[in-house]
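*Asks:* So that you have it, the file is query_2.cif, and it contains mmCIF, C-alpha atoms:
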```cif
data_upload
#
loop_
_atom_site.label_atom_id
_atom_site.label_comp_id
_atom_site.auth_asym_id
_atom_site.auth_seq_id
_atom_site.Cartn_x
_atom_site.Cartn_y
_atom_site.Cartn_z
CA MET A 1 -15.01 -34.26 -44.64
CA SER A 2 -14.70 -31.30 -47.01
CA VAL A 3 -15.78 -28.70 -44.40
CA ASP A 4 -14.28 -28.41 -40.92
CA LEU A 5 -15.62 -26.63 -37.85
CA SER A 6 -13.74 -25.67 -34.70
CA VAL A 7 -14.94 -23.54 -31.81
CA GLU A 8 -12.68 -21.78 -29.31
CA SER A 9 -13.51 -19.01 -26.84
CA GLY A 10 -16.83 -18.32 -28.53
CA LEU A 11 -15.36 -18.06 -32.04
CA ALA A 12 -16.43 -20.59 -34.66
CA GLU A 13 -13.99 -21.16 -37.52
CA ILE A 14 -15.37 -22.89 -40.61
CA VAL A 15 -12.84 -24.13 -43.15
CA LEU A 16 -13.69 -25.09 -46.72
CA ASN A 17 -11.35 -28.06 -47.02
CA ARG A 18 -11.43 -29.45 -50.54
CA PRO A 19 -8.16 -27.94 -51.75
CA GLU A 20 -7.63 -30.42 -54.60
CA LYS A 21 -10.79 -28.96 -56.21
CA MET A 22 -10.03 -25.37 -55.15
CA ASN A 23 -12.94 -25.71 -52.71
CA ALA A 24 -15.52 -26.00 -55.49
CA LEU A 25 -18.88 -26.85 -53.95
CA ASN A 26 -20.81 -29.97 -54.90
CA ASP A 27 -23.99 -31.21 -53.22
CA ALA A 28 -22.11 -33.12 -50.52
CA MET A 29 -19.91 -30.16 -49.61
CA ALA A 30 -22.91 -27.81 -49.55
CA ALA A 31 -24.66 -30.19 -47.14
CA GLU A 32 -21.56 -30.32 -44.91
CA LEU A 33 -21.30 -26.52 -44.87
CA THR A 34 -24.97 -26.25 -43.94
CA GLU A 35 -24.47 -28.72 -41.10
CA CYS A 36 -21.42 -26.81 -39.80
CA LEU A 37 -23.32 -23.51 -39.84
CA GLU A 38 -26.21 -25.07 -37.94
CA ARG A 39 -23.89 -26.67 -35.38
CA ALA A 40 -22.03 -23.42 -34.81
CA ALA A 41 -25.28 -21.50 -34.38
CA SER A 42 -26.66 -24.11 -31.97
CA GLN A 43 -23.58 -23.75 -29.76
CA GLY A 44 -24.28 -20.07 -29.22
CA VAL A 45 -20.95 -18.86 -30.65
CA ARG A 46 -20.37 -15.13 -30.45
CA ALA A 47 -18.57 -14.74 -33.80
CA MET A 48 -17.86 -16.87 -36.87
CA MET A 49 -15.19 -16.78 -39.54
CA ILE A 50 -14.99 -18.75 -42.77
CA ARG A 51 -11.91 -19.40 -44.87
CA GLY A 52 -10.62 -21.78 -47.51
CA GLU A 53 -7.82 -24.33 -47.27
CA GLY A 54 -5.30 -24.65 -50.11
CA PRO A 55 -4.85 -22.30 -53.09
CA ALA A 56 -8.33 -20.75 -53.11
CA PHE A 57 -11.23 -19.59 -50.99
CA SER A 58 -13.68 -21.21 -53.41
CA MET A 59 -13.88 -21.25 -57.19
CA GLY A 60 -17.67 -21.69 -56.97
CA ARG A 61 -19.91 -24.56 -57.93
CA GLU A 62 -18.33 -27.84 -59.05
CA LEU A 63 -19.01 -27.90 -62.81
CA ALA A 64 -17.05 -31.00 -63.78
CA ASP A 65 -20.19 -33.14 -63.86
CA ALA A 66 -22.69 -30.46 -64.86
CA ASP A 67 -25.06 -31.55 -67.65
CA PRO A 68 -27.09 -28.63 -69.05
CA SER A 69 -29.26 -31.02 -71.07
CA ILE A 70 -30.88 -32.58 -68.00
CA GLU A 71 -30.19 -30.50 -64.89
CA ASP A 72 -32.64 -27.97 -63.49
CA ALA A 73 -30.45 -24.90 -62.94
CA ALA A 74 -33.17 -22.96 -61.13
CA ALA A 75 -33.78 -25.83 -58.69
CA ILE A 76 -30.07 -26.23 -57.99
CA ILE A 77 -29.76 -22.55 -57.08
CA GLU A 78 -33.01 -22.42 -55.09
CA ASN A 79 -32.53 -25.68 -53.19
CA THR A 80 -28.77 -25.92 -52.69
CA PHE A 81 -27.00 -22.58 -52.82
CA ASN A 82 -29.57 -19.90 -51.94
CA PRO A 83 -30.23 -21.51 -48.54
CA LEU A 84 -26.50 -21.36 -47.78
CA ILE A 85 -26.32 -17.66 -48.56
CA LYS A 86 -29.40 -17.00 -46.42
CA ARG A 87 -27.98 -18.98 -43.49
CA ILE A 88 -24.75 -16.97 -43.51
CA VAL A 89 -26.54 -13.61 -43.84
CA ALA A 90 -28.85 -14.54 -40.96
CA PHE A 91 -26.17 -16.19 -38.81
CA PRO A 92 -26.88 -15.20 -35.18
CA ALA A 93 -23.47 -13.66 -34.53
CA PRO A 94 -21.01 -11.34 -36.31
CA THR A 95 -19.43 -13.09 -39.31
CA PHE A 96 -16.07 -12.68 -41.05
CA ALA A 97 -14.56 -14.06 -44.26
CA ALA A 98 -10.84 -14.44 -44.99
CA VAL A 99 -10.49 -14.66 -48.77
CA HIS A 100 -7.50 -15.65 -50.86
CA GLY A 101 -7.02 -17.06 -54.35
CA ALA A 102 -10.11 -17.65 -56.46
CA CYS A 103 -13.37 -16.33 -55.00
CA LEU A 104 -15.93 -16.86 -57.74
CA GLY A 105 -19.58 -17.74 -58.24
CA VAL A 106 -21.15 -19.26 -55.17
CA GLY A 107 -17.79 -18.84 -53.43
CA LEU A 108 -18.14 -15.10 -53.94
CA GLY A 109 -21.66 -15.28 -52.55
CA LEU A 110 -20.48 -17.13 -49.44
CA ALA A 111 -17.80 -14.53 -48.77
CA LEU A 112 -19.93 -11.44 -49.39
CA ALA A 113 -22.76 -12.86 -47.29
CA CYS A 114 -20.47 -12.37 -44.27
CA ASP A 115 -20.62 -9.11 -42.33
CA VAL A 116 -16.92 -8.33 -42.77
CA VAL A 117 -14.67 -9.50 -45.63
CA TYR A 118 -10.88 -9.33 -45.62
CA VAL A 119 -8.94 -10.41 -48.71
CA ALA A 120 -5.34 -11.19 -49.58
CA ASP A 121 -3.60 -8.41 -51.49
CA ASP A 122 -1.45 -10.68 -53.66
CA ASN A 123 -1.80 -11.12 -57.43
CA GLU A 124 -3.25 -14.63 -57.06
CA THR A 125 -6.46 -13.36 -55.48
CA LYS A 126 -9.22 -13.13 -58.11
CA ILE A 127 -12.68 -11.96 -57.12
CA GLY A 128 -15.70 -11.63 -59.37
CA SER A 129 -18.18 -13.10 -61.82
CA PRO A 130 -16.85 -15.42 -64.54
CA PHE A 131 -20.38 -16.34 -65.67
CA ALA A 132 -20.03 -14.56 -69.03
CA ARG A 133 -17.59 -17.28 -70.06
CA VAL A 134 -20.14 -20.07 -69.66
CA GLY A 135 -23.32 -18.29 -70.74
CA ALA A 136 -24.77 -18.25 -67.23
CA VAL A 137 -26.22 -15.59 -64.95
CA LEU A 138 -24.49 -14.31 -61.81
CA ASP A 139 -26.16 -15.91 -58.79
CA SER A 140 -25.70 -16.47 -55.05
CA GLY A 141 -26.71 -12.89 -54.29
CA GLY A 142 -24.05 -11.45 -56.55
CA HIS A 143 -26.33 -8.86 -58.17
CA SER A 144 -27.40 -7.50 -54.79
CA PHE A 145 -23.86 -7.42 -53.39
CA PHE A 146 -22.42 -5.79 -56.52
CA VAL A 147 -25.11 -3.12 -56.89
CA SER A 148 -25.21 -2.15 -53.20
CA ARG A 149 -21.43 -1.93 -52.88
CA LEU A 150 -20.28 -0.85 -56.35
CA GLY A 151 -23.27 0.80 -58.01
CA ALA A 152 -25.27 -0.43 -60.99
CA HIS A 153 -22.74 0.80 -63.56
CA ARG A 154 -19.78 -1.08 -62.10
CA ALA A 155 -21.94 -4.13 -61.35
CA LEU A 156 -22.99 -4.45 -64.98
CA GLU A 157 -19.47 -3.79 -66.28
CA LEU A 158 -18.09 -6.67 -64.19
CA ILE A 159 -20.98 -8.94 -65.20
CA TYR A 160 -20.71 -8.12 -68.90
CA THR A 161 -16.92 -8.38 -69.14
CA GLY A 162 -16.26 -11.12 -66.60
CA ARG A 163 -13.30 -9.07 -65.37
CA LEU A 164 -11.90 -10.35 -62.09
CA LEU A 165 -10.69 -8.02 -59.35
CA SER A 166 -7.49 -8.36 -57.37
CA GLY A 167 -7.83 -8.21 -53.60
CA ALA A 168 -6.40 -4.69 -53.50
CA GLU A 169 -8.79 -3.50 -56.22
CA ALA A 170 -11.80 -5.11 -54.54
CA ALA A 171 -10.93 -3.24 -51.34
CA GLN A 172 -10.31 0.03 -53.17
CA LEU A 173 -13.72 -0.17 -54.88
CA GLY A 174 -15.47 -1.03 -51.60
CA LEU A 175 -16.59 -4.55 -52.53
CA VAL A 176 -14.75 -5.86 -49.45
CA ASN A 177 -13.54 -4.23 -46.23
CA ARG A 178 -9.80 -4.27 -46.80
CA SER A 179 -6.89 -6.17 -48.28
CA ILE A 180 -4.18 -7.70 -46.12
CA ALA A 181 -0.86 -9.34 -46.87
CA LYS A 182 -1.56 -12.99 -47.69
CA GLU A 183 0.77 -14.33 -45.01
CA SER A 184 -1.12 -12.33 -42.35
CA LEU A 185 -4.67 -12.73 -43.68
CA VAL A 186 -5.94 -15.66 -41.62
CA ALA A 187 -4.23 -14.58 -38.41
CA GLU A 188 -5.48 -11.00 -38.71
CA THR A 189 -9.04 -12.07 -39.52
CA ARG A 190 -9.02 -14.51 -36.62
CA LYS A 191 -7.66 -11.81 -34.31
CA VAL A 192 -10.38 -9.31 -35.21
CA ALA A 193 -13.13 -11.95 -35.05
CA ALA A 194 -11.89 -13.13 -31.65
CA GLN A 195 -11.90 -9.55 -30.33
CA VAL A 196 -15.45 -9.07 -31.56
CA ALA A 197 -16.48 -12.36 -29.90
CA LEU A 198 -15.43 -10.86 -26.57
CA GLY A 199 -17.55 -7.75 -27.11
CA PRO A 200 -21.22 -6.96 -26.41
CA THR A 201 -22.46 -9.27 -29.15
CA ALA A 202 -26.11 -8.95 -28.14
CA ALA A 203 -25.85 -5.24 -28.95
CA PHE A 204 -23.91 -6.04 -32.13
CA MET A 205 -26.80 -8.24 -33.29
CA GLN A 206 -29.22 -5.35 -32.85
CA SER A 207 -27.03 -3.36 -35.24
CA LYS A 208 -26.69 -6.30 -37.62
CA HIS A 209 -30.47 -6.67 -37.86
CA LEU A 210 -30.96 -2.92 -38.30
CA VAL A 211 -28.34 -2.65 -41.05
CA ARG A 212 -30.01 -5.54 -42.86
CA ARG A 213 -33.43 -3.83 -42.61
CA ILE A 214 -32.00 -0.57 -43.96
CA ASP A 215 -30.65 -2.46 -46.96
CA GLU A 216 -33.70 -4.62 -47.62
CA GLU A 217 -36.45 -2.11 -46.79
CA ALA A 218 -34.77 1.09 -48.02
CA MET A 219 -35.55 2.71 -44.68
CA GLY A 220 -35.29 6.49 -44.37
CA LEU A 221 -33.67 8.44 -41.53
CA PHE A 222 -36.79 8.87 -39.41
CA ALA A 223 -37.58 5.14 -39.56
CA VAL A 224 -33.98 4.34 -38.62
CA LEU A 225 -34.13 6.74 -35.67
CA ASN A 226 -37.19 4.91 -34.36
CA CYS A 227 -35.55 1.49 -34.83
CA GLU A 228 -32.38 2.67 -33.09
CA ALA A 229 -34.41 3.76 -30.08
CA GLN A 230 -36.08 0.34 -29.92
CA ALA A 231 -32.71 -1.39 -30.30
CA GLN A 232 -31.22 0.70 -27.52
CA GLY A 233 -34.14 -0.23 -25.30
CA ALA A 234 -33.48 -3.91 -26.00
CA ALA A 235 -29.76 -3.47 -25.32
CA LYS A 236 -30.53 -1.75 -22.01
CA ARG A 237 -32.17 -4.95 -20.79
CA THR A 238 -29.01 -7.03 -21.30
CA ALA A 239 -26.41 -7.94 -18.70
CA ASP A 240 -23.74 -6.57 -21.05
CA TYR A 241 -25.30 -3.09 -20.91
CA LYS A 242 -25.30 -3.11 -17.10
CA GLU A 243 -21.71 -4.37 -17.09
CA GLY A 244 -20.61 -1.77 -19.65
CA ILE A 245 -22.09 1.13 -17.70
CA ALA A 246 -20.70 -0.18 -14.40
CA ALA A 247 -17.23 -0.62 -15.92
CA PHE A 248 -17.34 2.92 -17.34
CA GLN A 249 -18.33 4.39 -13.98
CA GLN A 250 -15.69 2.34 -12.15
CA LYS A 251 -13.02 3.17 -14.73
CA ARG A 252 -12.20 -0.47 -15.57
CA SER A 253 -12.37 -2.70 -18.65
CA PRO A 254 -15.78 -4.38 -19.16
CA LYS A 255 -16.24 -8.15 -19.27
CA PHE A 256 -19.01 -8.91 -21.76
CA HIS A 257 -20.80 -12.24 -22.17
CA GLY A 258 -23.04 -11.59 -25.13
CA LYS A 259 -26.18 -11.56 -22.99
#
```
Give the structure from this file in structure tokens form.
*Replies:*
Amino acid sequence: MSVDLSVESGLAEIVLNRPEKMNALNDAMAAELTECLERAASQGVRAMMIRGEGPAFSMGRELADADPSIEDAAAIIENTFNPLIKRIVAFPAPTFAAVHGACLGVGLGLALACDVVYVADDNETKIGSPFARVGAVLDSGGHSFFVSRLGAHRALELIYTGRLLSGAEAAQLGLVNRSIAKESLVAETRKVAAQVALGPTAAFMQSKHLVRRIDEEAMGLFAVLNCEAQAQGAAKRTADYKEGIAAFQQKRSPKFHGK
């Protein structure tokens, strides 16, 4: 198996485990990752984190056997990698990525599709789009992630030059949430994800869906105000809302169950 899944206390941890290939994705690994995402979602986990084993998060698509003369590049993207990005973006729980080493191509897409991205701050972490070196176009949602987080000018600079960002620089520019010492990265990401898994995750999902709509539909303030009211109404019908209010009134810590 080149992808591992473990679940503990409502937290799913997915590990890209093909370290000898720097977690480059081929068809078999993509299928395994899809299966792990579906299994985690079916178990009703309340948070998910993804990380890479070995020297890299993922260097992207496996290109060792690529044959431009016969392969259908559009079909490969549409049928293999785009569905993965969509599954992570739409995952029914808060998602976290712990990124170290190379995070390129589809690997970059997998990481940035997560809700929260933490990266190692060491010099070995390289994040970006190396497509200029092979005459290809940035894919796996990279254009959307770059433009929304960095602006069109920085997005095109990185695409044109193929310059790779260190973890610290990616955090400084706002491409990721923050950079963390490499030796603490996995433990810190797991700690935050586990804390979130204990929170009112039904309410968190209302926010996740709303944030996604703001991004995709370019919603204005008045539309957001209406959606927030509807989301609050939905949250009010959950057991977590009742528990949260009761705990506040009784001056104790709440015990949420994500329902």
*Asks:* Which residues, named as in the file, does the PyMOL selection byres ((chain A and resi 201) around 8) pick out? Answer as a list in words.
*Replies:* Arg46, Ala93, Pro94, Val196, Ala197, Leu198, Gly199, Pro200, Ala202, Ala203, Phe204, Met205, His257, Gly258 and Lys259 of chain A
*Asks:* List the residues selected by the PyMOL selection byres ((chain A and resi 128) around 6) in the file shown, writing them as an MDAnalysis selection string.
*Replies:* chainID A and resid 104 127 129 164
*Asks:* Kindly provide the residues of segment 38-154 of chain A that approach segment 206-224 of chain A to within 10 Å, each paired with its closest atom pair and their distance in Å to one decimal, based on all atoms listed in the file, listed by chain and increasing number, as CSV.
*Replies:*
```
residue,atom,partner,partner_atom,distance
A:Val89,CA,A:Arg212,CA,8.8
A:Ala90,CA,A:His209,CA,8.6
A:Phe91,CA,A:Lys208,CA,10.0
A:Pro92,CA,A:Lys208,CA,9.2
A:Ala93,CA,A:Lys208,CA,8.6
A:Pro94,CA,A:Lys208,CA,7.7
A:Asp115,CA,A:Lys208,CA,8.2
A:Ser144,CA,A:Asp215,CA,9.9
A:Ser148,CA,A:Asp215,CA,8.3
```
*Asks:* Counting only C-alpha atoms, what is within 12 Å of Glu8 of chain A, bar same-chain residues fewer than 4 positions away, as a VMD selection string?
*Replies:* chain A and resid 12 to 14 40 43 to 49 190 193 to 194 197 to 198
*Asks:* With all atoms of segment 205-218 of chain A from the file as input, state the centre and edge lengths in Å to one decimal of the axis-aligned box that has 6 Å extra on each side, as lines of an AutoDock Vina configuration file.
*Replies:*
```
center_x = -31.6
center_y = -3.6
center_z = -40.4
size_x = 21.8
size_y = 21.3
size_z = 27.2
```
*Asks:* Counting all atoms listed in the file, which residue out of A:Asp27, A:Thr80, A:Ser253, A:Glu35 sits closest to Asp4 of chain A?
*Replies:*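 Using all atoms listed in the file, the shortest distance to Asp4 of chain A belongs to A:Glu35.
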*Asks:* List, as an MDAnalysis selection string, every residue that the PyMOL selection byres ((chain A and resi 106) around 6) selects in the file provided.
*Replies:* chainID A and resid 60 105 107:109 140
*Asks:* Please compute the atom CA of Gly141 of chain A-atom CA of Leu158 of chain A distance, one decimal, in Å.
*Replies:*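 Going from atom CA of Gly141 of chain A over to atom CA of Leu158 of chain A, I get 14.5 Å.
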*Asks:* Between A:Val137, A:Ala74, A:Ala24, A:Ala98, which residue has the minimum interatomic distance to Gly167 of chain A, considering all atoms listed in the file?
*Replies:*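 Closest candidate: A:Ala98.
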*Asks:* Take atom CA of Val116 of chain A and atom CA of Arg51 of chain A and report the distance between them in Å, one decimal.
*Replies:* 12.3 Å
*Asks:* Would you mind listing what lies within 9 Å of Arg87 of chain A as an mmCIF file with C-alpha atoms, in the frame of the given file, with all atoms listed in the file counted and same-chain residues fewer than 3 positions away left out?
*Replies:*
```
data_model
loop_
_atom_site.group_PDB
_atom_site.id
_atom_site.type_symbol
_atom_site.label_atom_id
_atom_site.label_comp_id
_atom_site.auth_asym_id
_atom_site.auth_seq_id
_atom_site.Cartn_x
_atom_site.Cartn_y
_atom_site.Cartn_z
ATOM 1 C CA THR A 34 -24.970 -26.250 -43.940
ATOM 2 C CA LEU A 37 -23.320 -23.510 -39.840
ATOM 3 C CA GLU A 38 -26.210 -25.070 -37.940
ATOM 4 C CA ASN A 82 -29.570 -19.900 -51.940
ATOM 5 C CA PRO A 83 -30.230 -21.510 -48.540
ATOM 6 C CA LEU A 84 -26.500 -21.360 -47.780
ATOM 7 C CA ALA A 90 -28.850 -14.540 -40.960
ATOM 8 C CA PHE A 91 -26.170 -16.190 -38.810
ATOM 9 C CA ALA A 113 -22.760 -12.860 -47.290
#
```
*Asks:* Do you know which residues are at most 10 Å from Phe146 of chain A counting only C-alpha atoms, after dropping those on the same chain fewer than 5 positions away, and could you put them as an MDAnalysis selection string?
*Replies:* chainID A and resid 112 128:129 141 151:156 158:159 174:175
*Asks:* Rank A:Leu185, A:Glu228, A:Ala64, A:Lys191 by their smallest atom-to-atom distance to Ser9 of chain A, using all atoms listed in the file, and report the top residue only.
*Replies:*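 Among A:Leu185, A:Glu228, A:Ala64, A:Lys191, it is A:Lys191 that comes nearest to Ser9 of chain A.
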*Asks:* Of the residues A:Asn79, A:Asn123, A:Ser6, A:Asn17, which is the one nearest to Cys36 of chain A, using only C-alpha atoms?
*Replies:*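 Residue with the minimum atom-to-atom distance to Cys36 of chain A: A:Ser6.
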*Asks:* Give me the residues within 12 Å of Met1 of chain A as a PyMOL selection string, counting only C-alpha atoms and dropping any in the same chain fewer than 5 places off.
*Replies:* chain A and resi 15-19+23+28-33+35-36
*Asks:* Let me make sure I understand: among A:Ile245, A:Met59, A:Val3, A:Cys114, which one has the smallest atom-to-atom distance to Ile88 of chain A if we use all atoms listed in the file?
*Replies:* A:Cys114
*Asks:* Please list as a ChimeraX atom specification every residue within 8 Å of Pro55 of chain A, counting only C-alpha atoms and excluding residues in the same chain fewer than 4 positions away.
*Replies:* /A:19,22,100-102
*Asks:* Just to confirm, what's the straight-line distance from atom CA of Cys103 of chain A to atom CA of Asp139 of chain A in Å (one decimal)?
*Replies:* 13.3 Å
*Asks:* Output as a PDB file, in the frame of the given file: segment 86-98 of chain A, completed with N, CA, C and O atoms.
*Replies:*
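So the final result, stored in result_38.pdb, reads:
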```
ATOM      1  N   LYS A  86     -28.464 -17.504 -47.428  1.00  0.00           N
ATOM      2  CA  LYS A  86     -29.400 -17.000 -46.420  1.00  0.00           C
ATOM      3  C   LYS A  86     -28.953 -17.352 -45.014  1.00  0.00           C
ATOM      4  O   LYS A  86     -29.085 -16.544 -44.085  1.00  0.00           O
ATOM      5  N   ARG A  87     -28.425 -18.561 -44.828  1.00  0.00           N
ATOM      6  CA  ARG A  87     -27.980 -18.980 -43.490  1.00  0.00           C
ATOM      7  C   ARG A  87     -26.808 -18.121 -43.012  1.00  0.00           C
ATOM      8  O   ARG A  87     -26.720 -17.775 -41.835  1.00  0.00           O
ATOM      9  N   ILE A  88     -25.895 -17.793 -43.912  1.00  0.00           N
ATOM     10  CA  ILE A  88     -24.750 -16.970 -43.510  1.00  0.00           C
ATOM     11  C   ILE A  88     -25.207 -15.548 -43.206  1.00  0.00           C
ATOM     12  O   ILE A  88     -24.809 -14.955 -42.196  1.00  0.00           O
ATOM     13  N   VAL A  89     -26.044 -14.973 -44.070  1.00  0.00           N
ATOM     14  CA  VAL A  89     -26.540 -13.610 -43.840  1.00  0.00           C
ATOM     15  C   VAL A  89     -27.267 -13.528 -42.503  1.00  0.00           C
ATOM     16  O   VAL A  89     -27.119 -12.550 -41.757  1.00  0.00           O
ATOM     17  N   ALA A  90     -28.043 -14.553 -42.177  1.00  0.00           N
ATOM     18  CA  ALA A  90     -28.850 -14.540 -40.960  1.00  0.00           C
ATOM     19  C   ALA A  90     -28.150 -15.193 -39.773  1.00  0.00           C
ATOM     20  O   ALA A  90     -28.778 -15.380 -38.724  1.00  0.00           O
ATOM     21  N   PHE A  91     -26.878 -15.513 -39.904  1.00  0.00           N
ATOM     22  CA  PHE A  91     -26.170 -16.190 -38.810  1.00  0.00           C
ATOM     23  C   PHE A  91     -26.270 -15.347 -37.536  1.00  0.00           C
ATOM     24  O   PHE A  91     -26.044 -14.127 -37.568  1.00  0.00           O
ATOM     25  N   PRO A  92     -26.597 -15.966 -36.398  1.00  0.00           N
ATOM     26  CA  PRO A  92     -26.880 -15.200 -35.180  1.00  0.00           C
ATOM     27  C   PRO A  92     -25.650 -14.727 -34.414  1.00  0.00           C
ATOM     28  O   PRO A  92     -25.593 -14.796 -33.187  1.00  0.00           O
ATOM     29  N   ALA A  93     -24.681 -14.220 -35.133  1.00  0.00           N
ATOM     30  CA  ALA A  93     -23.470 -13.660 -34.530  1.00  0.00           C
ATOM     31  C   ALA A  93     -22.734 -12.898 -35.632  1.00  0.00           C
ATOM     32  O   ALA A  93     -22.987 -13.126 -36.825  1.00  0.00           O
ATOM     33  N   PRO A  94     -21.821 -12.005 -35.297  1.00  0.00           N
ATOM     34  CA  PRO A  94     -21.010 -11.340 -36.310  1.00  0.00           C
ATOM     35  C   PRO A  94     -20.205 -12.357 -37.122  1.00  0.00           C
ATOM     36  O   PRO A  94     -19.707 -13.340 -36.570  1.00  0.00           O
ATOM     37  N   THR A  95     -20.099 -12.127 -38.429  1.00  0.00           N
ATOM     38  CA  THR A  95     -19.430 -13.090 -39.310  1.00  0.00           C
ATOM     39  C   THR A  95     -18.313 -12.412 -40.103  1.00  0.00           C
ATOM     40  O   THR A  95     -18.426 -11.243 -40.494  1.00  0.00           O
ATOM     41  N   PHE A  96     -17.260 -13.183 -40.357  1.00  0.00           N
ATOM     42  CA  PHE A  96     -16.070 -12.680 -41.050  1.00  0.00           C
ATOM     43  C   PHE A  96     -15.637 -13.693 -42.104  1.00  0.00           C
ATOM     44  O   PHE A  96     -15.735 -14.899 -41.892  1.00  0.00           O
ATOM     45  N   ALA A  97     -15.131 -13.202 -43.226  1.00  0.00           N
ATOM     46  CA  ALA A  97     -14.560 -14.060 -44.260  1.00  0.00           C
ATOM     47  C   ALA A  97     -13.114 -13.655 -44.497  1.00  0.00           C
ATOM     48  O   ALA A  97     -12.799 -12.459 -44.556  1.00  0.00           O
ATOM     49  N   ALA A  98     -12.237 -14.660 -44.612  1.00  0.00           N
ATOM     50  CA  ALA A  98     -10.840 -14.440 -44.990  1.00  0.00           C
ATOM     51  C   ALA A  98     -10.654 -15.063 -46.369  1.00  0.00           C
ATOM     52  O   ALA A  98     -10.728 -16.282 -46.520  1.00  0.00           O
TER      53      ALA A  98
END
```
